[in-house]
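Asks: Handing over coords.csv, CSV, C-alpha atoms.
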chain,number,residue,atom,x,y,z
A,1,MET,CA,67.9,187.5,156.8
A,2,THR,CA,70.1,190.6,157.3
A,3,THR,CA,71.4,192.9,154.5
A,4,LEU,CA,75.2,193.3,154.5
A,5,ASN,CA,76.2,196.8,155.7
A,6,LEU,CA,79.4,198.8,155.8
A,7,LYS,CA,80.3,197.8,159.4
A,8,ASP,CA,80.0,194.1,158.4
A,9,VAL,CA,82.4,194.5,155.6
A,10,GLU,CA,84.8,196.6,157.6
A,11,ALA,CA,84.8,193.9,160.3
A,12,ALA,CA,85.4,191.2,157.8
A,13,ILE,CA,88.3,193.1,156.2
A,14,ALA,CA,89.9,193.8,159.6
A,15,GLY,CA,90.7,190.1,159.9
A,16,ASN,CA,87.9,188.0,161.2
A,17,ALA,CA,86.8,186.5,157.9
A,18,ALA,CA,88.4,184.5,155.1
A,19,ALA,CA,86.0,184.9,152.2
A,20,MET,CA,82.6,185.8,150.9
A,21,ARG,CA,80.8,183.2,148.8
A,22,GLN,CA,77.7,182.4,146.9
A,23,ARG,CA,76.6,179.2,145.2
A,24,VAL,CA,73.7,179.4,142.7
A,25,ARG,CA,72.1,176.2,141.5
A,26,MET,CA,70.6,176.6,138.1
A,27,ILE,CA,68.7,174.6,135.4
A,28,PRO,CA,68.3,175.2,131.6
A,29,ALA,CA,65.5,177.6,130.7
A,30,GLU,CA,64.0,174.7,128.8
A,31,GLY,CA,63.5,172.9,132.1
A,32,PRO,CA,65.1,169.8,133.6
A,33,GLY,CA,66.7,167.7,130.9
A,34,GLY,CA,67.0,170.7,128.5
A,35,LYS,CA,70.1,171.0,126.4
A,36,VAL,CA,72.6,173.8,126.8
A,37,PHE,CA,75.6,174.7,124.7
A,38,PRO,CA,79.0,175.2,126.4
A,39,PRO,CA,81.7,177.4,124.9
A,40,THR,CA,83.8,175.6,122.3
A,41,HIS,CA,87.6,175.5,122.4
A,42,VAL,CA,90.2,174.8,119.6
A,43,GLY,CA,89.0,171.8,117.6
A,44,GLY,CA,85.3,172.5,118.4
A,45,ILE,CA,85.5,170.7,121.8
A,46,TYR,CA,84.2,171.4,125.2
A,47,ALA,CA,86.1,171.6,128.5
A,48,TRP,CA,85.2,168.3,130.2
A,49,GLU,CA,86.3,167.4,133.8
A,50,GLN,CA,85.6,164.8,136.4
A,51,ARG,CA,84.9,166.6,139.7
A,52,ARG,CA,84.0,165.4,143.1
A,53,LEU,CA,80.7,166.6,144.7
A,54,PRO,CA,80.3,167.4,148.4
A,55,ASP,CA,78.9,163.9,148.9
A,56,ASP,CA,82.2,162.5,147.6
A,57,LYS,CA,80.6,161.3,144.4
A,58,LYS,CA,82.6,161.8,141.2
A,59,VAL,CA,80.7,163.1,138.2
A,60,ASN,CA,81.4,164.2,134.7
A,61,THR,CA,81.2,168.0,134.4
A,62,VAL,CA,81.5,170.5,131.6
A,63,LEU,CA,82.6,174.1,131.9
A,64,LEU,CA,79.7,176.5,130.9
A,65,ASP,CA,81.5,179.8,131.8
A,66,SER,CA,85.1,180.2,132.8
A,67,VAL,CA,86.7,182.3,135.4
A,68,GLN,CA,88.0,184.7,132.7
A,69,SER,CA,84.6,184.9,131.0
A,70,GLN,CA,82.8,185.6,134.3
A,71,ALA,CA,85.3,188.3,135.1
A,72,ASN,CA,84.5,190.0,131.8
A,73,ARG,CA,80.8,189.7,132.5
A,74,MET,CA,81.2,191.4,135.9
A,75,GLU,CA,83.3,194.1,134.3
A,76,GLN,CA,80.6,194.7,131.7
A,77,ALA,CA,77.9,194.8,134.3
A,78,LEU,CA,80.0,197.4,136.2
A,79,LEU,CA,80.3,199.4,133.0
A,80,GLN,CA,76.6,199.4,132.4
A,81,ALA,CA,75.9,200.4,136.0
A,82,TYR,CA,78.5,203.2,135.6
A,83,LEU,CA,76.9,204.4,132.3
A,84,SER,CA,73.4,204.4,133.8
A,85,GLY,CA,74.6,206.5,136.8
A,86,LYS,CA,74.1,203.8,139.4
A,87,LEU,CA,77.6,203.9,140.7
A,88,LYS,CA,80.8,206.0,140.1
A,89,LEU,CA,84.3,204.7,139.7
A,90,PRO,CA,87.6,205.9,138.2
A,91,MET,CA,87.5,205.5,134.4
A,92,ILE,CA,90.2,205.6,131.8
A,93,GLN,CA,89.1,205.4,128.2
A,94,VAL,CA,90.1,206.0,124.6
A,95,ASP,CA,87.6,207.2,122.0
A,96,PHE,CA,87.8,205.8,118.4
A,97,SER,CA,84.5,207.2,117.3
A,98,GLU,CA,85.9,209.6,114.8
A,99,SER,CA,88.3,207.2,113.0
A,100,LEU,CA,86.6,203.8,113.7
A,101,PRO,CA,82.9,204.7,114.6
A,102,ASP,CA,81.9,201.0,114.9
A,103,ILE,CA,84.3,200.6,117.7
A,104,GLY,CA,83.5,203.8,119.7
A,105,ILE,CA,84.9,204.0,123.2
A,106,ILE,CA,87.1,201.4,124.9
A,107,THR,CA,87.5,201.7,128.6
A,108,THR,CA,89.6,199.8,131.1
A,109,LEU,CA,86.5,197.7,131.8
A,110,ASP,CA,86.4,196.6,128.2
A,111,ALA,CA,90.1,196.0,127.5
A,112,PRO,CA,91.2,192.4,128.1
A,113,HIS,CA,94.2,193.4,130.2
A,114,ARG,CA,92.5,196.3,131.9
A,115,ILE,CA,94.9,199.3,132.5
A,116,ALA,CA,97.9,197.1,131.3
A,117,ASP,CA,96.3,196.5,127.9
A,118,ALA,CA,98.4,197.3,124.8
A,119,ILE,CA,95.6,199.5,123.5
A,120,PHE,CA,96.3,202.1,126.2
A,121,ARG,CA,100.0,201.6,125.8
A,122,GLU,CA,99.7,202.9,122.2
A,123,CYS,CA,97.8,206.1,123.3
A,124,LYS,CA,98.8,209.5,124.7
A,125,LEU,CA,97.6,211.4,127.6
A,126,ASP,CA,97.9,215.1,126.7
A,127,ASP,CA,101.4,215.2,125.0
A,128,ALA,CA,102.9,212.2,126.8
A,129,ARG,CA,102.8,208.6,125.9
A,130,PHE,CA,100.4,206.9,128.3
A,131,ARG,CA,103.1,204.9,130.1
A,132,ASP,CA,105.2,208.0,130.5
A,133,SER,CA,102.3,210.1,131.9
A,134,GLU,CA,101.6,210.6,135.6
A,135,VAL,CA,98.7,208.0,135.4
A,136,GLY,CA,100.8,205.5,133.5
A,137,GLN,CA,103.7,205.8,136.0
A,138,ALA,CA,101.3,205.4,138.9
A,139,PHE,CA,100.3,202.1,137.4
A,140,ILE,CA,103.8,201.0,136.6
A,141,GLY,CA,105.0,201.8,140.1
A,142,SER,CA,102.2,200.0,141.9
A,143,THR,CA,103.1,197.0,144.0
A,144,THR,CA,101.3,194.9,146.6
A,145,HIS,CA,103.1,197.0,149.2
A,146,ASN,CA,102.0,200.2,147.6
A,147,ALA,CA,98.9,199.8,145.4
A,148,ILE,CA,97.7,203.4,145.8
A,149,GLY,CA,98.3,204.2,142.1
A,150,LEU,CA,96.0,201.4,140.9
A,151,PHE,CA,93.5,202.2,143.6
A,152,ARG,CA,93.3,205.8,142.4
A,153,TYR,CA,93.0,205.2,138.7
A,154,CYS,CA,91.9,201.6,138.1
A,155,PRO,CA,90.6,199.9,141.3
A,156,HIS,CA,88.8,197.1,139.5
A,157,ALA,CA,92.2,195.8,138.3
A,158,LEU,CA,92.9,195.0,142.0
A,159,ILE,CA,89.9,192.7,142.3
A,160,PHE,CA,89.9,191.1,138.8
A,161,GLY,CA,93.7,190.9,138.6
A,162,VAL,CA,96.2,192.5,136.2
A,163,TRP,CA,99.6,191.7,134.9
A,164,ASP,CA,101.8,194.3,133.0
A,165,SER,CA,102.8,191.7,130.4
A,166,GLY,CA,102.3,194.1,127.5
A,167,ASN,CA,105.1,196.5,128.3
A,168,LEU,CA,107.9,197.1,125.8
A,169,GLU,CA,110.7,197.6,128.3
A,170,GLY,CA,111.6,193.9,128.3
A,171,LYS,CA,110.6,193.6,132.0
A,172,GLY,CA,108.1,191.2,133.6
A,173,GLY,CA,106.0,194.1,134.9
A,174,ASN,CA,103.9,194.2,138.0
A,175,ARG,CA,101.3,191.5,138.7
A,176,PHE,CA,98.2,191.4,141.0
A,177,GLN,CA,96.3,188.2,141.6
A,178,ARG,CA,92.6,187.9,141.2
A,179,ALA,CA,90.8,188.5,144.5
A,180,VAL,CA,87.4,187.4,143.1
A,181,VAL,CA,86.6,184.3,141.0
A,182,SER,CA,83.4,182.9,139.6
A,183,GLU,CA,82.6,180.1,137.2
A,184,ILE,CA,79.6,178.1,136.1
A,185,VAL,CA,79.8,174.3,135.7
A,186,GLY,CA,77.3,171.8,134.3
A,187,ILE,CA,76.9,168.7,136.6
A,188,ASN,CA,76.4,165.2,135.3
A,189,ALA,CA,76.9,166.3,131.8
A,190,GLU,CA,76.3,164.1,128.7
A,191,ALA,CA,77.4,165.1,125.2
A,192,GLY,CA,74.8,165.5,122.4
A,193,VAL,CA,75.4,165.5,118.7
A,194,ARG,CA,75.4,168.4,116.2
A,195,THR,CA,73.0,168.2,113.3
A,196,ARG,CA,72.8,170.2,110.1
A,197,SER,CA,70.2,170.5,107.2
A,198,ARG,CA,68.9,173.0,104.8
A,199,ILE,CA,65.8,173.2,102.6
A,200,ASP,CA,66.5,175.8,99.9
A,201,PRO,CA,63.3,177.4,98.7
A,202,LEU,CA,65.0,178.2,95.3
A,203,MET,CA,67.5,175.5,94.5
A,204,ARG,CA,66.7,171.8,94.2
A,205,THR,CA,70.3,170.6,94.2
A,206,LYS,CA,73.6,171.7,95.6
A,207,ASN,CA,75.9,169.9,93.1
A,208,SER,CA,75.4,171.7,89.8
A,209,GLU,CA,78.6,172.3,87.9
A,210,LEU,CA,79.6,175.9,87.9
A,211,TYR,CA,81.6,177.7,85.3
A,212,GLN,CA,83.5,181.0,85.5
A,213,THR,CA,82.2,183.9,83.4
A,214,PRO,CA,84.5,186.4,81.7
A,215,ASP,CA,83.8,189.0,84.4
A,216,GLY,CA,84.8,186.6,87.2
A,217,GLY,CA,81.3,185.5,88.2
A,218,TRP,CA,79.7,182.1,87.8
A,219,THR,CA,77.1,180.5,85.6
A,220,VAL,CA,75.6,177.0,85.1
A,221,PHE,CA,75.8,177.3,81.3
A,222,PRO,CA,79.0,176.2,79.6
A,223,ASP,CA,78.4,178.4,76.6
A,224,GLN,CA,78.4,181.5,78.7
A,225,ALA,CA,81.7,180.6,80.4
A,226,ALA,CA,85.1,182.0,79.8
A,227,LYS,CA,87.2,179.6,77.7
A,228,ASP,CA,90.7,178.3,77.8
A,229,ASP,CA,92.5,175.6,75.8
A,230,LYS,CA,90.6,172.9,77.8
A,231,GLY,CA,87.2,174.4,77.1
A,232,PRO,CA,84.8,176.2,79.5
A,233,LYS,CA,86.6,177.3,82.7
A,234,LYS,CA,85.4,175.7,85.9
A,235,TYR,CA,84.4,178.1,88.7
A,236,GLY,CA,86.1,176.0,91.4
A,237,LYS,CA,83.2,176.0,93.8
A,238,LYS,CA,79.9,174.2,94.0
A,239,LEU,CA,76.5,175.7,94.8
A,240,SER,CA,76.8,174.3,98.3
A,241,GLU,CA,79.9,176.3,98.8
A,242,LEU,CA,78.0,179.4,97.9
A,243,ASN,CA,75.3,178.5,100.5
A,244,LEU,CA,72.8,177.6,97.8
A,245,GLY,CA,70.9,174.3,97.4
A,246,ASN,CA,69.6,171.8,99.9
A,247,VAL,CA,71.7,170.2,102.6
A,248,THR,CA,70.7,166.6,103.4
A,249,PRO,CA,70.0,166.2,107.2
A,250,ASP,CA,73.2,164.8,108.7
A,251,LEU,CA,75.4,164.9,111.7
A,252,VAL,CA,78.4,167.3,111.7
A,253,ARG,CA,81.6,165.4,111.8
A,254,TYR,CA,85.2,166.1,112.7
A,255,GLY,CA,87.5,166.4,109.7
A,256,GLY,CA,91.2,165.9,109.2
A,257,ASP,CA,93.6,164.3,111.7
A,258,ARG,CA,93.2,166.7,114.6
A,259,PRO,CA,93.7,164.9,117.9
A,260,ILE,CA,90.3,165.6,119.4
A,261,ARG,CA,89.5,164.4,122.9
A,262,THR,CA,86.2,163.9,124.7
A,263,LYS,CA,85.7,163.3,128.4
A,264,ASN,CA,86.5,159.5,128.0
A,265,ASP,CA,89.3,159.0,125.5
A,266,GLN,CA,90.5,160.0,122.0
A,267,ILE,CA,87.9,159.8,119.3
A,268,ARG,CA,88.3,159.1,115.6
A,269,PRO,CA,88.4,162.0,113.1
A,270,ASP,CA,85.1,160.8,111.5
A,271,ASP,CA,83.2,160.9,114.8
A,272,VAL,CA,80.5,163.5,115.2
A,273,LEU,CA,81.1,166.9,116.7
A,274,ALA,CA,79.5,167.5,120.1
A,275,GLY,CA,76.2,169.4,119.8
A,276,GLY,CA,75.5,170.7,123.3
A,277,VAL,CA,75.0,168.8,126.5
A,278,THR,CA,72.3,167.7,128.8
A,279,ILE,CA,73.0,168.3,132.5
A,280,ASP,CA,71.3,167.5,135.8
A,281,TYR,CA,71.9,171.1,136.8
A,282,ALA,CA,74.5,173.9,136.7
A,283,VAL,CA,76.3,175.5,139.6
A,284,GLN,CA,77.7,179.0,139.7
A,285,THR,CA,80.3,179.5,142.5
A,286,TRP,CA,81.5,183.1,143.3
A,287,VAL,CA,84.2,183.6,145.9
A,288,LEU,CA,85.9,186.8,147.1
A,289,SER,CA,89.2,186.2,148.9
A,290,LEU,CA,89.6,188.6,151.8
A,291,PRO,CA,93.3,187.5,152.5
A,292,ALA,CA,94.0,188.6,148.8
A,293,LEU,CA,92.7,192.0,149.7
A,294,ARG,CA,94.6,192.1,153.0
A,295,ARG,CA,97.9,191.6,151.1
A,296,LEU,CA,97.4,195.0,149.5
A,297,SER,CA,98.7,198.1,151.2
A,298,PHE,CA,97.8,201.7,150.5
A,299,PRO,CA,100.2,204.2,152.1
A,300,VAL,CA,99.4,207.9,151.7
A,301,LYS,CA,102.4,210.3,152.0
A,302,GLY,CA,101.9,212.9,154.7
A,303,SER,CA,98.7,211.4,156.0
A,304,GLU,CA,98.0,211.7,159.7
A,305,ARG,CA,95.9,208.6,159.5
A,306,SER,CA,97.3,205.2,160.6
A,307,GLU,CA,98.4,202.7,158.1
A,308,THR,CA,95.9,200.2,159.3
A,309,GLU,CA,93.0,202.7,159.0
A,310,LEU,CA,94.0,203.6,155.4
A,311,ASN,CA,94.6,200.0,154.4
A,312,ASN,CA,91.2,198.8,155.8
A,313,ALA,CA,89.3,201.7,154.1
A,314,ALA,CA,90.8,200.9,150.7
A,315,ARG,CA,90.3,197.2,151.1
A,316,THR,CA,86.7,197.8,152.1
A,317,VAL,CA,86.1,199.8,148.9
A,318,LEU,CA,87.5,196.9,146.8
A,319,ALA,CA,85.3,194.3,148.6
A,320,ALA,CA,82.2,196.5,148.0
A,321,LEU,CA,83.2,196.9,144.4
A,322,ALA,CA,83.5,193.2,143.9
A,323,LEU,CA,80.1,192.6,145.5
A,324,ALA,CA,78.5,195.3,143.3
A,325,SER,CA,80.0,193.8,140.2
A,326,PHE,CA,78.6,190.4,141.0
A,327,CYS,CA,75.1,191.7,142.0
A,328,HIS,CA,74.8,193.7,138.8
A,329,MET,CA,75.9,190.7,136.6
A,330,GLN,CA,73.4,188.6,138.4
A,331,GLU,CA,70.7,191.1,137.9
A,332,GLN,CA,71.3,190.9,134.1
A,333,GLY,CA,70.5,187.1,134.2
A,334,TYR,CA,72.3,184.1,132.9
A,335,ASP,CA,72.0,184.2,129.1
A,336,LEU,CA,75.6,183.0,128.5
A,337,ARG,CA,75.3,182.4,124.7
A,338,SER,CA,73.0,181.0,122.1
A,339,ARG,CA,71.1,178.1,123.6
A,340,CYS,CA,72.7,178.5,127.0
A,341,LEU,CA,70.1,180.4,129.1
A,342,LEU,CA,70.1,179.3,132.7
A,343,ILE,CA,67.6,180.0,135.5
A,344,PRO,CA,68.2,179.8,139.2
A,345,GLU,CA,66.3,176.8,140.4
A,346,ASN,CA,65.1,178.1,143.7
A,347,GLY,CA,65.7,181.8,143.4
A,348,ILE,CA,68.9,183.7,144.3
A,349,PRO,CA,70.4,182.2,147.5
A,350,SER,CA,72.0,184.2,150.3
A,351,PHE,CA,75.7,185.1,150.4
A,352,GLU,CA,77.9,183.4,153.0
A,353,LEU,CA,80.5,185.2,155.1
A,354,ILE,CA,83.1,182.6,156.0
A,355,GLY,CA,85.2,183.2,159.2
A,356,ASN,CA,88.8,182.2,159.6
A,357,ASP,CA,87.5,179.4,161.8
A,358,GLY,CA,85.3,178.0,159.0
A,359,GLN,CA,82.0,179.2,160.6
A,360,THR,CA,79.6,180.9,158.2
A,361,LYS,CA,77.1,183.7,158.5
A,362,THR,CA,74.5,184.5,155.8
A,363,PHE,CA,73.4,187.8,154.4
A,364,ASP,CA,71.4,189.1,151.5
A,365,LEU,CA,72.5,191.8,149.0
A,366,ASN,CA,70.9,193.1,145.8
A,367,ALA,CA,72.4,195.4,143.3
A,368,ALA,CA,70.8,198.6,144.7
A,369,ASP,CA,72.0,197.8,148.2
A,370,ALA,CA,75.4,196.9,146.9
A,371,ASP,CA,75.6,200.3,145.1
A,372,GLU,CA,74.8,202.0,148.4
A,373,LEU,CA,77.3,200.0,150.3
A,374,TYR,CA,80.0,200.8,147.7
A,375,ALA,CA,79.1,204.5,147.8
A,376,GLN,CA,79.5,204.6,151.6
A,377,ALA,CA,82.8,202.8,151.4
A,378,VAL,CA,84.2,205.3,148.8
A,379,ALA,CA,82.9,208.3,150.8
A,380,LYS,CA,84.7,207.1,153.9
A,381,ALA,CA,88.0,206.3,152.0
A,382,LYS,CA,88.0,209.8,150.4
A,383,ALA,CA,87.3,211.4,153.8
A,384,LEU,CA,90.4,209.7,155.1
A,385,GLY,CA,92.5,211.2,152.4
A,386,LEU,CA,92.8,208.2,150.0
A,387,PRO,CA,93.2,209.5,146.4
A,388,TRP,CA,90.2,208.7,144.1
A,389,GLN,CA,90.1,209.9,140.5
A,390,GLU,CA,86.7,211.5,140.0
A,391,LYS,CA,87.1,212.8,136.4
A,392,VAL,CA,87.2,210.5,133.4
A,393,ILE,CA,90.7,210.2,131.9
A,394,ASP,CA,90.5,210.5,128.1
A,395,LEU,CA,93.4,209.1,126.1
A,396,THR,CA,94.2,209.9,122.4
A,397,PRO,CA,95.1,206.9,120.2
A,398,GLU,CA,98.3,207.2,118.2
A,399,ASP,CA,98.0,207.2,114.4
A,400,ARG,CA,99.8,203.9,114.1
A,401,LEU,CA,97.2,202.2,116.4
A,402,ILE,CA,94.3,203.6,114.3
A,403,GLU,CA,96.1,202.6,111.0
A,404,ALA,CA,96.8,199.0,112.3
A,405,ALA,CA,93.2,198.7,113.5
A,406,GLY,CA,91.8,199.8,110.2
A,407,ALA,CA,94.1,197.5,108.2
A,408,SER,CA,93.1,194.5,110.4
A,409,ARG,CA,89.5,195.1,109.5
Spell out the structure here as structure tokens.
Replies:
Amino acid sequence: MTTLNLKDVEAAIAGNAAAMRQRVRMIPAEGPGGKVFPPTHVGGIYAWEQRRLPDDKKVNTVLLDSVQSQANRMEQALLQAYLSGKLKLPMIQVDFSESLPDIGIITTLDAPHRIADAIFRECKLDDARFRDSEVGQAFIGSTTHNAIGLFRYCPHALIFGVWDSGNLEGKGGNRFQRAVVSEIVGINAEAGVRTRSRIDPLMRTKNSELYQTPDGGWTVFPDQAAKDDKGPKKYGKKLSELNLGNVTPDLVRYGGDRPIRTKNDQIRPDDVLAGGVTIDYAVQTWVLSLPALRRLSFPVKGSERSETELNNAARTVLAALALASFCHMQEQGYDLRSRCLLIPENGIPSFELIGNDGQTKTFDLNAADADELYAQAVAKAKALGLPWQEKVIDLTPEDRLIEAAGASR
């Protein structure tokens, strides 16, 4: 199997390929038949779907990690690679360490809306508000026909997508589609039930009557309670509400009249909450759209290089960055959340390079090779005169942002 090199990516970008793809088949770390826990949505439910497999068979599936979540994981993998010195990329950040030390530094790889996030909007660069600064104006002025500003200061926004929806000018703002998508889905999924129980080593009951003491605390003795005209004041909570006492083993049930749905139909409010799922296997599908990159143009004023040469060089950098983000995420493993650790069933498969004619070629790429590929692409782009921010851009949070963050905590 061949390792992808810079010439391969350049050829793909130049127009003879439609996408890069990898599909990873995984099983729970517990082994076949093990239970995994999907993310829960409003109402404590999972995202169920009926999907069609390649053999045309329809199966029940459950979403284990969404496109948005996978994008965040790839960004965090890039950030870790950046902090460890494995790769370099333009970085905008704001440091809250002095005022909010538990938050520390937030970068464009951390913020949900990347460079368009309201966190950065409420910051200053030198003496100018961020959006009025040279960097902010480069972002605001970026379009698909001229994305050079974003390429220079926040290139990962061009592969993961960005929408300037947080501006305060009353305008829609620029928007760039995702070029790379990934998701993980559980196949042939069956819902389990959620259980609860507690054996308290101290309390034998959870239903003792509690009374309010004069200092606002609680006691089980009426003669120690504060009094009103009705006698000892009730505390208003039971031991169980203070997380004291035994909890009889039971199933966790829905409460109220919320319209909860499962994969089949609407269930009654007294039905049990889903407690994980069993699956035949899980599939992660990663796709990089090369046409999405080819829609982006990167003109450089005064350059003697051709528009085609500049465009292809910038697009190659973005493709290499997308590959590096995925390889680093994959290197970190698939521990998605508590009780949702997945293991590739037959190792990490090869990538596929899909031609415009549908023909595929396979290649291998690990994180170290992806970093080298990315570094070569960046070096070539810089040699052609494409702007690339080397120095970290440090923003200063406005006082009102710090005050609001402190009040919210």
Asks: By how many Å are CA of Val24 (chain A) and CA of Cys327 (chain A) apart?
Replies: 12.4 Å
Asks: Would you compute the distance between CA of Ala147 (chain A) and CA of Pro299 (chain A)? Give it in Å to one decimal.
Replies: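 So the two atoms, CA of Ala147 (chain A) and CA of Pro299 (chain A), lie 8.1 Å apart.
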Asks: In terms of the shortest atom-to-atom distance over only C-alpha atoms, which of A:Leu87, A:Gln137, A:Thr107, A:Met26 is closest to Glu345 (chain A)?
Replies: A:Met26
Asks: Between CA of Glu30 (chain A) and CA of Ser350 (chain A), what is the distance in Å, rounded to a tenth?
Replies: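 For CA of Glu30 (chain A) relative to CA of Ser350 (chain A), the distance reads 24.8 Å.
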Asks: Would you please work out which residue, of A:Ala292, A:Cys340, A:Ile148, A:Ala320, is nearest to Pro38 (chain A) when using only C-alpha atoms?
Replies: A:Cys340
Asks: Write out as an MDAnalysis selection string the residues lying within 12 Å of Gly15 (chain A), counting all atoms listed in the file and excluding same-chain residues fewer than 2 positions away.
Replies: chainID A and resid 8:13 17:19 289:295 308 311:312 315:316 354:357
Asks: Measuring between all atoms listed in the file, which one of A:Phe160, A:Asp102, A:Ser84, A:Val277 shows the shortest distance to Arg409 (chain A)?
Replies: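 Distance minimum relative to Arg409 (chain A) lands on A:Asp102.
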Asks: May I ask which of the residues A:Glu190, A:Glu304, A:Glu98, A:Glu331 is the closest one to Thr61 (chain A), counting only C-alpha atoms?
Replies: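 Of all the options, A:Glu190 lies closest to Thr61 (chain A).
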Asks: Point out the residue among A:Gln330, A:Gln93, A:Thr144, A:Thr219 with the least atom-to-atom distance to Asn366 (chain A), counting only C-alpha atoms.
Replies: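 Between A:Gln330, A:Gln93, A:Thr144, A:Thr219, the residue approaching Asn366 (chain A) most closely is A:Gln330.
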Asks: Restricting the calculation to all atoms listed in the file, which member of A:Ser97, A:Thr396, A:Asn72, A:Thr285 is positioned closest to Arg25 (chain A)?
Replies: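 Comparing A:Ser97, A:Thr396, A:Asn72, A:Thr285 against Arg25 (chain A), the winner is A:Thr285.
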